[in-house]
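Trainee: Next comes the structure file structure07.txt, holding compact mmCIF, C-alpha atoms and all ligand atoms.
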# COMPACT_ATOMS: atom_id res chain seq x y z
CA MET B 288 44.24 151.91 170.83
CA GLU B 289 43.31 152.54 167.22
CA HIS B 290 41.25 149.71 165.77
CA LYS B 291 41.52 149.19 162.01
CA MET B 292 38.33 147.82 160.52
CA LYS B 293 38.46 145.11 157.85
CA PRO B 294 37.24 146.10 154.36
CA GLU B 295 34.16 143.84 154.60
CA SER B 296 33.02 145.81 157.67
CA LEU B 297 33.28 149.11 155.81
CA MET B 298 31.49 148.17 152.56
CA MET B 299 28.05 149.22 153.85
CA SER B 300 28.94 152.77 154.90
CA TYR B 301 32.46 153.94 154.03
CA GLY B 302 32.67 157.23 152.17
CA TYR B 303 28.95 158.08 152.34
CA ARG B 304 27.09 160.30 154.81
CA PRO B 305 23.29 160.01 155.15
CA GLU B 306 22.98 163.78 155.67
CA TRP B 307 24.00 164.25 152.03
CA SER B 308 20.70 162.60 150.99
CA GLU B 309 17.86 163.40 153.42
CA GLY B 310 19.16 160.77 155.84
CA ALA B 311 18.88 157.90 153.36
CA ILE B 312 20.77 154.96 154.88
CA LYS B 313 21.91 153.87 151.43
CA CYS B 314 23.68 156.01 148.88
CA PRO B 315 21.05 156.89 146.23
CA ILE B 316 21.64 156.76 142.48
CA PHE B 317 22.87 160.23 141.52
CA GLN B 318 21.25 160.02 138.09
CA THR B 319 22.38 163.46 136.95
CA SER B 320 24.65 164.82 134.23
CA ALA B 321 25.77 168.06 135.88
CA PHE B 322 26.12 169.51 139.40
CA VAL B 323 25.11 173.05 140.38
CA PHE B 324 27.93 175.32 141.61
CA ARG B 325 27.19 177.52 144.64
CA SER B 326 29.06 180.40 142.98
CA ALA B 327 31.05 181.16 139.83
CA GLU B 328 34.21 181.27 141.98
CA GLU B 329 33.50 177.72 143.19
CA GLY B 330 33.01 176.50 139.59
CA LYS B 331 36.33 178.07 138.60
CA ALA B 332 38.12 176.41 141.54
CA PHE B 333 36.60 172.98 140.73
CA PHE B 334 37.84 173.18 137.13
CA GLU B 335 41.33 174.29 138.17
CA VAL B 336 41.72 171.14 140.28
CA ALA B 337 39.94 168.77 137.86
CA TYR B 338 42.07 169.88 134.89
CA GLY B 339 45.29 169.97 136.92
CA LEU B 340 45.78 173.71 136.30
CA ARG B 341 47.01 173.98 139.92
CA GLU B 342 47.60 171.63 142.84
CA ALA B 343 44.69 171.07 145.25
CA ARG B 344 45.13 173.21 148.37
CA ASN B 345 45.20 171.58 151.83
CA GLU B 346 41.88 169.88 152.62
CA GLU B 347 40.49 170.83 149.20
CA THR B 348 38.69 167.87 147.65
CA PRO B 349 37.75 167.79 143.96
CA GLY B 350 34.30 169.34 143.53
CA LEU B 351 31.48 167.72 141.59
CA ILE B 352 31.20 169.11 138.06
CA TYR B 353 29.82 166.73 135.44
CA SER B 354 29.26 162.94 135.52
CA ARG B 355 31.90 162.21 132.86
CA ILE B 356 34.48 163.72 135.24
CA ASN B 357 33.06 162.63 138.60
CA ASN B 358 29.84 161.44 140.26
CA PRO B 359 29.16 160.44 143.90
CA ASP B 360 28.23 156.83 143.03
CA LEU B 361 31.56 156.37 141.24
CA GLU B 362 33.66 158.23 143.80
CA ILE B 363 32.22 156.30 146.76
CA LEU B 364 32.64 153.04 144.83
CA GLU B 365 36.27 153.91 144.03
CA ASP B 366 36.95 154.77 147.69
CA ARG B 367 35.56 151.39 148.77
CA LEU B 368 37.46 149.40 146.11
CA LYS B 369 40.72 151.01 147.28
CA LEU B 370 40.28 149.46 150.75
CA TRP B 371 40.66 145.83 149.63
CA GLU B 372 44.23 146.28 148.45
CA GLU B 373 45.23 149.52 150.17
CA ALA B 374 45.62 151.29 146.84
CA GLU B 375 46.08 155.06 146.73
CA ASP B 376 43.58 155.61 143.96
CA CYS B 377 41.01 153.83 141.78
CA ALA B 378 39.05 154.52 138.60
CA VAL B 379 35.97 152.58 137.49
CA PHE B 380 35.08 152.02 133.84
CA GLU B 381 32.11 150.94 131.78
CA SER B 382 33.79 147.55 131.12
CA GLY B 383 36.92 145.57 131.91
CA MET B 384 38.05 146.13 128.31
CA ALA B 385 37.58 149.90 128.76
CA ALA B 386 39.93 149.82 131.79
CA ILE B 387 42.48 147.65 129.96
CA THR B 388 42.54 149.63 126.70
CA THR B 389 42.68 153.00 128.49
CA VAL B 390 45.76 151.91 130.45
CA LEU B 391 47.50 150.55 127.33
CA LEU B 392 46.80 153.73 125.34
CA GLU B 393 47.94 156.01 128.17
CA PHE B 394 51.29 154.32 128.81
CA LEU B 395 52.39 153.23 125.31
CA ARG B 396 53.66 155.43 122.46
CA PRO B 397 54.36 154.55 118.80
CA GLY B 398 57.76 152.87 118.44
CA GLN B 399 57.64 151.47 121.97
CA SER B 400 56.80 147.91 122.88
CA VAL B 401 54.56 146.03 125.29
CA LEU B 402 55.55 142.64 126.71
CA VAL B 403 52.52 140.39 127.25
CA SER B 404 52.16 137.01 128.96
CA ASN B 405 50.33 134.09 127.30
CA PRO B 406 47.56 133.19 127.70
CA VAL B 407 45.54 136.35 128.35
CA TYR B 408 41.81 137.10 128.06
CA GLY B 409 40.70 136.92 124.39
CA GLY B 410 39.66 140.58 124.17
CA THR B 411 42.99 141.70 125.62
CA ASP B 412 44.86 139.37 123.27
CA HIS B 413 43.06 140.86 120.26
CA PHE B 414 43.58 144.49 121.33
CA ILE B 415 47.30 144.06 122.07
CA LYS B 416 48.22 141.87 119.10
CA LYS B 417 45.85 143.15 116.39
CA ILE B 418 44.96 146.76 117.26
CA LEU B 419 47.99 148.29 119.02
CA PRO B 420 50.31 147.50 116.03
CA GLN B 421 48.01 149.62 113.82
CA PHE B 422 49.11 152.58 115.97
CA GLY B 423 52.83 151.71 115.74
CA MET B 424 53.16 149.85 119.03
CA GLN B 425 55.25 146.64 119.00
CA VAL B 426 54.43 143.43 120.83
CA MET B 427 56.77 140.97 122.61
CA GLU B 428 55.35 137.77 124.13
CA PHE B 429 56.23 135.17 126.72
CA PHE B 430 54.52 132.11 128.20
CA ALA B 431 53.30 131.65 131.76
CA GLY B 432 55.73 129.08 133.13
CA MET B 433 58.91 130.72 131.72
CA ASP B 434 61.45 131.75 134.35
CA GLU B 435 62.87 135.25 134.83
CA GLN B 436 65.94 134.62 132.65
CA GLU B 437 63.88 133.32 129.75
CA ILE B 438 61.59 136.35 129.91
CA GLU B 439 64.61 138.66 130.05
CA GLN B 440 65.95 137.05 126.85
CA VAL B 441 62.65 137.82 125.08
CA ILE B 442 62.98 141.50 126.04
CA ASP B 443 66.69 141.67 125.19
CA SER B 444 66.09 140.47 121.64
CA ARG B 445 63.82 143.43 120.73
CA HIS B 446 64.34 146.12 123.35
CA LYS B 447 67.15 147.97 121.49
CA THR B 448 64.95 148.68 118.46
CA TYR B 449 61.60 149.01 120.21
CA PRO B 450 62.13 150.13 123.81
CA LEU B 451 59.98 148.38 126.36
CA ALA B 452 57.39 150.65 128.03
CA LEU B 453 54.89 148.28 129.63
CA ILE B 454 54.70 144.69 130.91
CA TYR B 455 51.16 143.25 130.87
CA ILE B 456 50.39 140.00 132.67
CA GLU B 457 47.39 137.94 133.69
CA THR B 458 47.82 135.50 136.58
CA PRO B 459 46.32 132.99 137.19
CA ALA B 460 45.66 132.83 133.46
CA ASN B 461 42.35 131.89 131.92
CA PRO B 462 41.44 129.00 131.45
CA THR B 463 44.35 126.89 132.75
CA ASN B 464 45.19 128.70 136.02
CA ALA B 465 48.82 128.99 134.76
CA LEU B 466 50.83 131.34 137.00
CA VAL B 467 53.17 134.26 136.29
CA ASP B 468 55.63 135.54 138.92
CA ILE B 469 54.64 139.17 139.64
CA ALA B 470 57.80 140.01 141.63
CA ALA B 471 60.03 138.70 138.82
CA CYS B 472 58.17 140.88 136.30
CA HIS B 473 58.59 143.85 138.67
CA ARG B 474 62.36 143.28 138.71
CA LEU B 475 62.42 143.14 134.91
CA ALA B 476 60.37 146.34 134.66
CA ARG B 477 62.90 148.14 136.88
CA ARG B 478 65.88 146.64 135.04
CA PHE B 479 64.66 147.94 131.66
CA SER B 480 63.49 151.35 132.92
CA GLU B 481 65.49 154.48 132.14
CA ALA B 482 65.37 158.00 133.51
CA ASP B 483 63.09 159.19 130.72
CA ARG B 484 61.15 155.94 130.18
CA GLU B 485 59.69 154.14 133.16
CA VAL B 486 58.55 150.58 132.37
CA ILE B 487 55.30 149.94 134.23
CA LEU B 488 53.94 146.55 135.30
CA VAL B 489 50.19 146.00 134.84
CA VAL B 490 48.39 142.92 136.24
CA ASP B 491 44.89 141.74 135.28
CA ASN B 492 43.71 140.33 138.62
CA THR B 493 40.18 139.41 137.49
CA TYR B 494 40.59 135.68 138.21
CA MET B 495 41.42 136.32 141.88
CA GLY B 496 39.17 139.32 142.53
CA PRO B 497 40.29 141.97 145.04
CA LEU B 498 40.45 139.41 147.88
CA TRP B 499 42.60 136.51 146.83
CA GLN B 500 45.69 138.23 145.40
CA HIS B 501 47.13 141.72 145.91
CA PRO B 502 49.45 142.40 142.96
CA LEU B 503 50.33 145.94 144.15
CA GLN B 504 52.03 144.35 147.18
CA HIS B 505 54.21 142.22 144.88
CA GLY B 506 55.45 145.13 142.79
CA ALA B 507 52.69 145.75 140.22
CA ASP B 508 52.23 149.41 139.31
CA LEU B 509 48.60 149.05 138.24
CA VAL B 510 46.01 146.34 138.84
CA LEU B 511 43.05 145.82 136.52
CA TYR B 512 39.67 144.14 136.93
CA SER B 513 36.76 143.14 134.87
CA ALA B 514 34.29 144.19 137.58
CA THR B 515 31.73 142.22 135.57
CA LYS B 516 33.10 139.12 137.30
CA TYR B 517 33.60 138.72 141.11
CA ILE B 518 33.16 142.41 141.99
CA GLY B 519 29.76 142.66 140.28
CA GLY B 520 29.12 139.00 140.99
CA HIS B 521 25.48 138.69 139.89
CA SER B 522 25.76 138.39 136.08
CA ASP B 523 23.75 141.60 135.70
CA LEU B 524 26.26 144.30 134.72
CA ILE B 525 29.43 145.08 132.73
CA ALA B 526 32.14 147.21 134.38
CA GLY B 527 35.89 147.52 134.97
CA ALA B 528 38.34 149.00 137.46
CA CYS B 529 41.97 150.11 137.66
CA LEU B 530 43.92 150.77 140.89
CA GLY B 531 47.39 152.07 141.70
CA SER B 532 49.43 155.02 142.89
CA ARG B 533 47.95 158.52 142.85
CA ARG B 534 50.64 159.58 140.35
CA LEU B 535 49.82 156.92 137.73
CA MET B 536 46.07 156.97 138.36
CA GLN B 537 45.98 160.71 137.65
CA ARG B 538 47.02 159.84 134.09
CA VAL B 539 44.52 156.97 133.84
CA LYS B 540 41.69 159.17 135.08
CA GLY B 541 42.80 161.97 132.75
CA LEU B 542 42.45 159.76 129.68
CA ARG B 543 39.16 158.32 131.00
CA THR B 544 37.72 161.83 131.14
CA PHE B 545 38.47 162.35 127.44
CA LEU B 546 37.58 158.87 126.20
CA GLY B 547 34.38 159.17 128.24
CA ASN B 548 34.40 155.47 129.18
CA MET B 549 33.60 155.81 132.90
CA ALA B 550 30.83 153.66 134.42
CA SER B 551 27.33 155.15 134.65
CA PRO B 552 25.83 156.22 138.02
CA HIS B 553 23.44 153.27 137.89
CA THR B 554 26.25 150.74 137.31
CA GLY B 555 28.21 152.41 140.12
CA TRP B 556 25.24 152.00 142.42
CA LEU B 557 24.81 148.32 141.49
CA LEU B 558 28.48 147.73 142.23
CA LEU B 559 28.17 149.45 145.64
CA ARG B 560 25.43 146.96 146.41
CA SER B 561 27.58 144.05 145.15
CA LEU B 562 30.55 145.07 147.31
CA GLU B 563 28.54 144.62 150.52
CA THR B 564 28.52 140.84 149.94
CA LEU B 565 31.86 140.48 148.11
CA LYS B 566 33.70 138.78 150.98
CA ALA B 567 30.75 136.52 151.90
CA ARG B 568 30.22 135.47 148.27
CA MET B 569 33.89 134.83 147.53
CA ASP B 570 34.39 132.86 150.77
CA ILE B 571 31.52 130.53 149.85
CA GLN B 572 32.70 130.20 146.25
CA ALA B 573 36.24 129.23 147.30
CA SER B 574 34.95 126.77 149.86
CA ASN B 575 32.54 125.22 147.34
CA ALA B 576 35.38 124.98 144.80
CA ARG B 577 37.43 122.84 147.20
CA HIS B 578 34.56 120.33 147.45
CA VAL B 579 33.96 120.37 143.70
CA ALA B 580 37.68 119.91 142.92
CA ALA B 581 37.87 116.94 145.30
CA PHE B 582 34.84 115.37 143.59
CA LEU B 583 36.21 115.96 140.08
CA SER B 584 39.65 114.55 141.01
CA SER B 585 38.04 111.27 142.00
CA HIS B 586 35.61 110.92 139.07
CA PRO B 587 36.65 108.28 136.49
CA ALA B 588 35.49 110.44 133.54
CA VAL B 589 37.91 113.22 134.50
CA GLU B 590 41.41 112.95 133.05
CA LYS B 591 43.12 116.06 134.41
CA ILE B 592 42.24 119.01 136.61
CA TYR B 593 43.55 122.60 136.50
CA TYR B 594 42.95 124.18 139.91
CA LEU B 595 45.25 126.20 142.18
CA GLY B 596 44.55 123.81 145.04
CA THR B 597 45.93 120.79 143.21
CA ILE B 598 49.32 122.38 142.41
CA SER B 599 51.86 120.38 144.45
CA PRO B 600 55.56 120.67 145.37
CA SER B 601 56.37 118.50 142.34
CA ASP B 602 55.12 121.37 140.13
CA GLY B 603 58.22 123.33 141.15
CA ARG B 604 58.09 127.04 140.37
CA ALA B 605 54.28 127.16 140.07
CA TYR B 606 53.99 125.80 143.62
CA HIS B 607 56.20 128.55 145.03
CA ILE B 608 54.49 131.30 143.00
CA ARG B 609 51.08 130.13 144.19
CA ASN B 610 52.15 130.06 147.83
CA ARG B 611 53.70 133.52 147.60
CA GLN B 612 51.01 135.30 145.57
CA CYS B 613 47.65 133.63 146.11
CA LEU B 614 45.71 133.98 149.36
CA SER B 615 43.12 131.39 148.24
CA TYR B 616 42.82 128.63 145.65
CA GLY B 617 40.01 130.63 144.04
CA ALA B 618 36.83 129.29 142.49
CA MET B 619 37.84 128.60 138.89
CA ILE B 620 38.38 124.97 137.91
CA SER B 621 39.12 123.62 134.46
CA PHE B 622 39.18 119.91 133.77
CA ASP B 623 39.82 117.57 130.85
CA ILE B 624 37.34 114.75 130.46
CA ARG B 625 38.17 111.41 128.87
CA GLY B 626 37.29 111.89 125.21
CA GLY B 627 37.09 115.03 123.08
CA GLU B 628 34.69 117.72 121.94
CA ALA B 629 31.72 115.35 121.54
CA GLU B 630 32.01 114.04 125.11
CA ALA B 631 32.60 117.53 126.53
CA PHE B 632 29.46 118.77 124.73
CA GLN B 633 27.42 115.84 126.11
CA VAL B 634 28.43 116.82 129.63
CA LEU B 635 27.71 120.53 129.06
CA ASN B 636 24.33 119.80 127.48
CA ARG B 637 23.29 117.63 130.43
CA LEU B 638 24.03 120.16 133.18
CA LYS B 639 20.87 121.50 134.82
CA LEU B 640 21.80 123.65 137.81
CA VAL B 641 25.12 124.79 136.35
CA LYS B 642 24.41 127.22 133.52
CA LEU B 643 26.12 126.85 130.13
CA ALA B 644 27.52 130.36 129.67
CA VAL B 645 30.78 132.32 129.53
CA SER B 646 31.78 134.91 132.16
CA LEU B 647 32.81 133.92 135.69
CA GLY B 648 32.79 134.88 139.36
CA SER B 649 29.03 135.08 139.64
CA THR B 650 26.63 133.74 142.28
CA GLU B 651 25.48 130.97 139.94
CA SER B 652 27.86 128.24 138.78
CA LEU B 653 28.80 128.50 135.10
CA ALA B 654 30.39 126.05 132.67
CA GLU B 655 31.74 126.54 129.15
CA HIS B 656 34.01 124.98 126.50
CA PRO B 657 37.14 127.17 126.13
CA TYR B 658 38.32 125.48 122.91
CA THR B 659 35.24 126.48 120.88
CA MET B 660 33.92 129.38 122.97
CA THR B 661 36.06 131.84 125.01
CA HIS B 662 39.27 130.80 123.23
CA ALA B 663 37.81 130.05 119.78
CA ASP B 664 39.87 132.88 118.27
CA VAL B 665 43.21 131.56 119.61
CA ASP B 666 45.48 129.86 117.08
CA ALA B 667 45.12 126.04 117.21
CA SER B 668 48.85 125.47 117.69
CA LEU B 669 48.95 128.06 120.48
CA LYS B 670 45.95 126.38 122.15
CA LYS B 671 47.83 123.10 122.02
CA ARG B 672 50.92 124.66 123.61
CA LEU B 673 48.75 126.24 126.34
CA GLY B 674 47.02 122.93 127.08
CA ILE B 675 43.59 124.10 125.89
CA THR B 676 42.18 120.93 124.34
CA PRO B 677 38.73 119.99 122.93
CA ALA B 678 38.30 117.84 126.07
CA MET B 679 38.49 120.82 128.46
CA ILE B 680 35.55 122.25 130.40
CA ARG B 681 35.89 125.47 132.42
CA LEU B 682 33.85 125.81 135.56
CA SER B 683 33.18 128.94 137.63
CA VAL B 684 31.90 127.77 141.01
CA GLY B 685 28.99 129.76 142.48
CA ILE B 686 27.34 130.05 145.90
CA GLU B 687 24.78 127.21 145.61
CA HIS B 688 25.10 124.36 148.11
CA HIS B 689 28.20 122.38 147.11
CA GLU B 690 26.27 119.09 147.31
CA ASP B 691 23.87 120.35 144.63
CA ILE B 692 26.68 121.49 142.33
CA ILE B 693 28.35 118.10 142.74
CA TYR B 694 25.04 116.27 142.20
CA ASP B 695 24.60 118.12 138.91
CA LEU B 696 28.17 117.47 137.74
CA ARG B 697 27.93 113.80 138.73
CA GLN B 698 24.72 113.12 136.80
CA ALA B 699 26.30 114.73 133.69
CA LEU B 700 29.69 113.00 134.02
CA ASP B 701 28.32 109.54 134.92
CA LEU B 702 26.99 109.35 131.39
CA LEU B 703 30.58 108.90 130.15
CA VAL B 704 31.54 105.93 132.31
C1 LIG W 801 35.97 139.21 131.32
C2 LIG W 801 37.42 139.54 131.40
C3 LIG W 801 37.93 140.73 130.84
C4 LIG W 801 37.07 141.70 130.07
O1 LIG W 801 36.16 142.35 130.89
P1 LIG W 801 34.73 142.91 130.35
O2 LIG W 801 34.10 143.42 131.61
O3 LIG W 801 34.01 141.78 129.71
O4 LIG W 801 35.03 144.00 129.38
C5 LIG W 801 39.27 140.97 131.01
N1 LIG W 801 40.10 140.10 131.64
C6 LIG W 801 39.64 138.95 132.16
C7 LIG W 801 40.59 138.02 132.86
C8 LIG W 801 38.29 138.63 132.05
O5 LIG W 801 37.85 137.47 132.56
Please re-express this file's structure in structure tokens.
Ligand SMILES: *Cc1c(COP(=O)(O)O)cnc(C)c1O
Mentor:
Amino acid sequence: MEHKMKPESLMMSYGYRPEWSEGAIKCPIFQTSAFVFRSAEEGKAFFEVAYGLREARNEETPGLIYSRINNPDLEILEDRLKLWEEAEDCAVFESGMAAITTVLLEFLRPGQSVLVSNPVYGGTDHFIKKILPQFGMQVMEFFAGMDEQEIEQVIDSRHKTYPLALIYIETPANPTNALVDIAACHRLARRFSEADREVILVVDNTYMGPLWQHPLQHGADLVLYSATKYIGGHSDLIAGACLGSRRLMQRVKGLRTFLGNMASPHTGWLLLRSLETLKARMDIQASNARHVAAFLSSHPAVEKIYYLGTISPSDGRAYHIRNRQCLSYGAMISFDIRGGEAEAFQVLNRLKLVKLAVSLGSTESLAEHPYTMTHADVDASLKKRLGITPAMIRLSVGIEHHEDIIYDLRQALDLLV
């Protein structure tokens, strides 16, 4: 009987053969700009396939040409990333923002509109709302928490003048873990598609990493990552990734070739190394987060906690969305402390093991103040509506021993009671 290996078992070897590199057990860094063709005919054939001048013949794989177009470290990395969510194709980028902006520019045209959920990552928010309009793209918005009918009304009000071309969502959303229903957005994308204008659904899955939520299985057309976060996982690189069908990814990779925003061979190699421990790291982080959330829920200085694991049946739609979409409660916890900015800063300044820094998904635990840091640029009234208050602290739980993380949080929070 055929035995299908799990992705974590394949991360050390899949897609690489030691005989390519003098028997080296690990894929080396192919720190090279160009690749030598065996003959002029071979070079011609490689370009025909790379530039889509003809279809690849049976068994013909794209040949290596130039590291802006392809490189073994990136191709092997892309093949391994595909395994986690059974995607047909993948492209890696030099940052999460590079992946996000390339997708938006490829699938939107002047006069068309993008529908975006709120809240989204600050960089994404700025690019969609401040930069895309400069190129004639229109923006429609909705809030995580709205139901399908309410979102449909938002589209209906503008769609006639500025046809919808792309739905962009982030779920769970940063920093409140607010949820958006991927399947409902898929239905809306289909409902507003026409023969000559397909509406595509794009999901930023950074908060869940490739393990804890598989948006493609719920109807997303493309899934995006800041690979800087869980995938990289060691706070030592910046990178991004996009996955989806071969048909759509051909367009994404086409634009990447001309924008030249692919990851470097060295970053690709670092990410290959990170992927070997992805499952182990994320398992520990999620398990630690459960302990930390339980501690925070019982601490008198904590007023409210935003964590997927504390969503209950009384939360209604969010409860059902979480159960349907999320395979884990994740490792991101936000919490409001009793008090305001001054008290939140006291806690942050007293942390010793937990580092005071932005970013997330890394081996070390990180804490920050969304109101004045990651979400400083968000309108005050919007922050209020989203529940981002001066009393909120955002925590990314790492792989330290959970008792040490809790010890550190306790000594900082006890100051307030
Ligand atoms: C960090 C982040 C990004 C941006 O990724 P970079 O790698 O910093 O460019 C996008 N979306 C989310 C949810 C993020 O957390």
Trainee: With region 632-654 of chain B as the partner and 7 Å as the cut-off, tabulate the residues of region 520-549 of chain B that qualify, each row holding the nearest pair of atoms and their distance in Å to one decimal, using all atoms listed in the file, sorted by chain and rising number, as CSV.
Mentor:
residue,atom,partner,partner_atom,distance
B:Gly520,CA,B:Ser649,CA,4.1
B:His521,CA,B:Ser649,CA,5.1
B:Ser522,CA,B:Ser649,CA,5.9
Trainee: Could you tell me how far CA of Tyr616 (chain B) sits from CA of Asn575 (chain B), in Å to one decimal place?
Mentor: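 Straight-line distance from CA of Asn575 (chain B) to CA of Tyr616 (chain B) works out to 11.0 Å.
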Trainee: Please determine, counting all atoms listed in the file, which residue among B:Tyr694, B:Phe333, B:Tyr517, B:Tyr449 has the shortest atom-to-atom distance to ligand LIG 801 (chain W).
Mentor: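 That would be B:Tyr517, the residue with the smallest distance to ligand LIG 801 (chain W).
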Trainee: Rank B:Asp523, B:Asp483, B:Glu381, B:Asp623 by their smallest atom-to-atom distance to ligand LIG 801 (chain W), using all atoms listed in the file, and report the top residue only.
Mentor: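 Closest candidate: B:Glu381.
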Trainee: Taking only C-alpha atoms and all ligand atoms and a cut-off of 6 Å, can you tell me which residues surround ligand LIG 801 (chain W), written as a list in words?
Mentor: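 Residues lying within 6 Å of ligand LIG 801 (chain W): Ser382, Gly383, Met384, Tyr408, Thr493, Tyr494, Ser513, Thr515, Ile525, Ala526 and Gly527 of chain B.
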Trainee: I'd like a table as a Markdown table: residues in region 611-675 of chain B with an atom no more than 6 Å from region 593-596 of chain B, each row giving the shortest atom pair and its distance in Å to one decimal, all atoms listed in the file counted, sorted by chain and rising residue number.
Mentor:
| residue | atom | partner | partner_atom | distance |
| --- | --- | --- | --- | --- |
| B:Tyr616 | CA | B:Leu595 | CA | 4.9 |
| B:Ile620 | CA | B:Tyr594 | CA | 5.1 |
| B:Ser621 | CA | B:Tyr593 | CA | 5.0 |
| B:Phe622 | CA | B:Tyr593 | CA | 5.8 |
Trainee: Return the single residue from B:Val323, B:Leu559, B:Ala471, B:Val665 that is closest to Gln436 (chain B), with distances computed using all atoms listed in the file.
Mentor: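 Using all atoms listed in the file, the shortest distance to Gln436 (chain B) belongs to B:Ala471.
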Trainee: Identify which of the residues B:Ala528, B:Leu557, B:Ala588, B:Met660 lies closest to Leu696 (chain B), counting only C-alpha atoms when measuring atom-to-atom distances.
Mentor: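 Going through B:Ala528, B:Leu557, B:Ala588, B:Met660 one by one, the smallest distance to Leu696 (chain B) is for B:Ala588.
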Trainee: Could you tell me how far CA of Gly674 (chain B) lies from CA of Ile624 (chain B), in Å and to one decimal?
Mentor: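 Distance between the two atoms: 13.1 Å.
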Trainee: Select, from B:Gly339, B:Gly519, B:Gly506, B:Pro450, the residue with the minimum atom-to-atom distance to Arg484 (chain B), counting all atoms listed in the file.
Mentor: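 For Arg484 (chain B), the nearest of the candidates is B:Pro450.
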Trainee: Restricting the calculation to all atoms listed in the file, which member of B:Phe414, B:Trp556, B:Phe380, B:Trp307 is positioned closest to Arg543 (chain B)?
Mentor: B:Phe380
Trainee: To one decimal place in Å, what is the distance between CA of Ala452 (chain B) and CA of Gly409 (chain B)?
Mentor: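 Calculated distance between CA of Ala452 (chain B) and CA of Gly409 (chain B) is 21.9 Å.
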Trainee: Skip Val704 (chain B) itself and residues of its chain fewer than 4 positions away, then list as a list in words all residues within 12 Å of it, counting all atoms listed in the file.
Mentor: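 Non-adjacent residues within range: His586, Pro587, Ala588, Val589, Ile624, Arg625, Gly626, Glu630, Val634, Arg697, Gln698, Ala699 and Leu700 of chain B.
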Trainee: Do you have, as CSV, the list of residues of region 366-392 of chain B lying at most 12 Å from region 418-425 of chain B, each with its nearest atom pair and that distance in Å to one decimal, counting only C-alpha atoms and ordered by chain then number?
Mentor:
residue,atom,partner,partner_atom,distance
B:Thr388,CA,B:Leu419,CA,9.5
B:Thr389,CA,B:Leu419,CA,11.8
B:Leu391,CA,B:Leu419,CA,8.6
B:Leu392,CA,B:Leu419,CA,8.4
Trainee: Those same residues, written as a short mmCIF file (atom, residue, chain, number, x, y, z; two decimals), in the frame of the given file with C-alpha atoms?
Mentor:
data_model
loop_
_atom_site.label_atom_id
_atom_site.label_comp_id
_atom_site.auth_asym_id
_atom_site.auth_seq_id
_atom_site.Cartn_x
_atom_site.Cartn_y
_atom_site.Cartn_z
CA THR B 388 42.54 149.63 126.70
CA THR B 389 42.68 153.00 128.49
CA LEU B 391 47.50 150.55 127.33
CA LEU B 392 46.80 153.73 125.34
#
Trainee: Any chance you could model N, CA and C atoms for region 551-562 of chain B and send them as a short mmCIF file (atom, residue, chain, number, x, y, z; two decimals), keeping the file's coordinate frame?
Mentor:
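Okay, this is what ended up in selection_13.cif:
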data_model
loop_
_atom_site.label_atom_id
_atom_site.label_comp_id
_atom_site.auth_asym_id
_atom_site.auth_seq_id
_atom_site.Cartn_x
_atom_site.Cartn_y
_atom_site.Cartn_z
N SER B 551 28.48 154.26 134.43
CA SER B 551 27.33 155.15 134.65
C SER B 551 26.98 155.17 136.14
N PRO B 552 26.24 156.19 136.61
CA PRO B 552 25.83 156.22 138.02
C PRO B 552 25.07 154.95 138.42
N HIS B 553 24.22 154.46 137.55
CA HIS B 553 23.44 153.27 137.89
C HIS B 553 24.33 152.04 138.07
N THR B 554 25.31 151.86 137.16
CA THR B 554 26.25 150.74 137.31
C THR B 554 27.06 150.91 138.59
N GLY B 555 27.47 152.15 138.88
CA GLY B 555 28.21 152.41 140.12
C GLY B 555 27.40 152.00 141.33
N TRP B 556 26.13 152.33 141.30
CA TRP B 556 25.24 152.00 142.42
C TRP B 556 25.08 150.49 142.56
N LEU B 557 24.91 149.79 141.44
CA LEU B 557 24.81 148.32 141.49
C LEU B 557 26.07 147.71 142.09
N LEU B 558 27.22 148.27 141.71
CA LEU B 558 28.48 147.73 142.23
C LEU B 558 28.64 148.01 143.73
N LEU B 559 28.14 149.17 144.19
CA LEU B 559 28.17 149.45 145.64
C LEU B 559 27.39 148.36 146.37
N ARG B 560 26.25 148.01 145.81
CA ARG B 560 25.43 146.96 146.41
C ARG B 560 26.18 145.61 146.37
N SER B 561 26.83 145.32 145.26
CA SER B 561 27.58 144.05 145.15
C SER B 561 28.71 143.98 146.17
N LEU B 562 29.38 145.09 146.42
CA LEU B 562 30.55 145.07 147.31
C LEU B 562 30.18 144.69 148.74
#
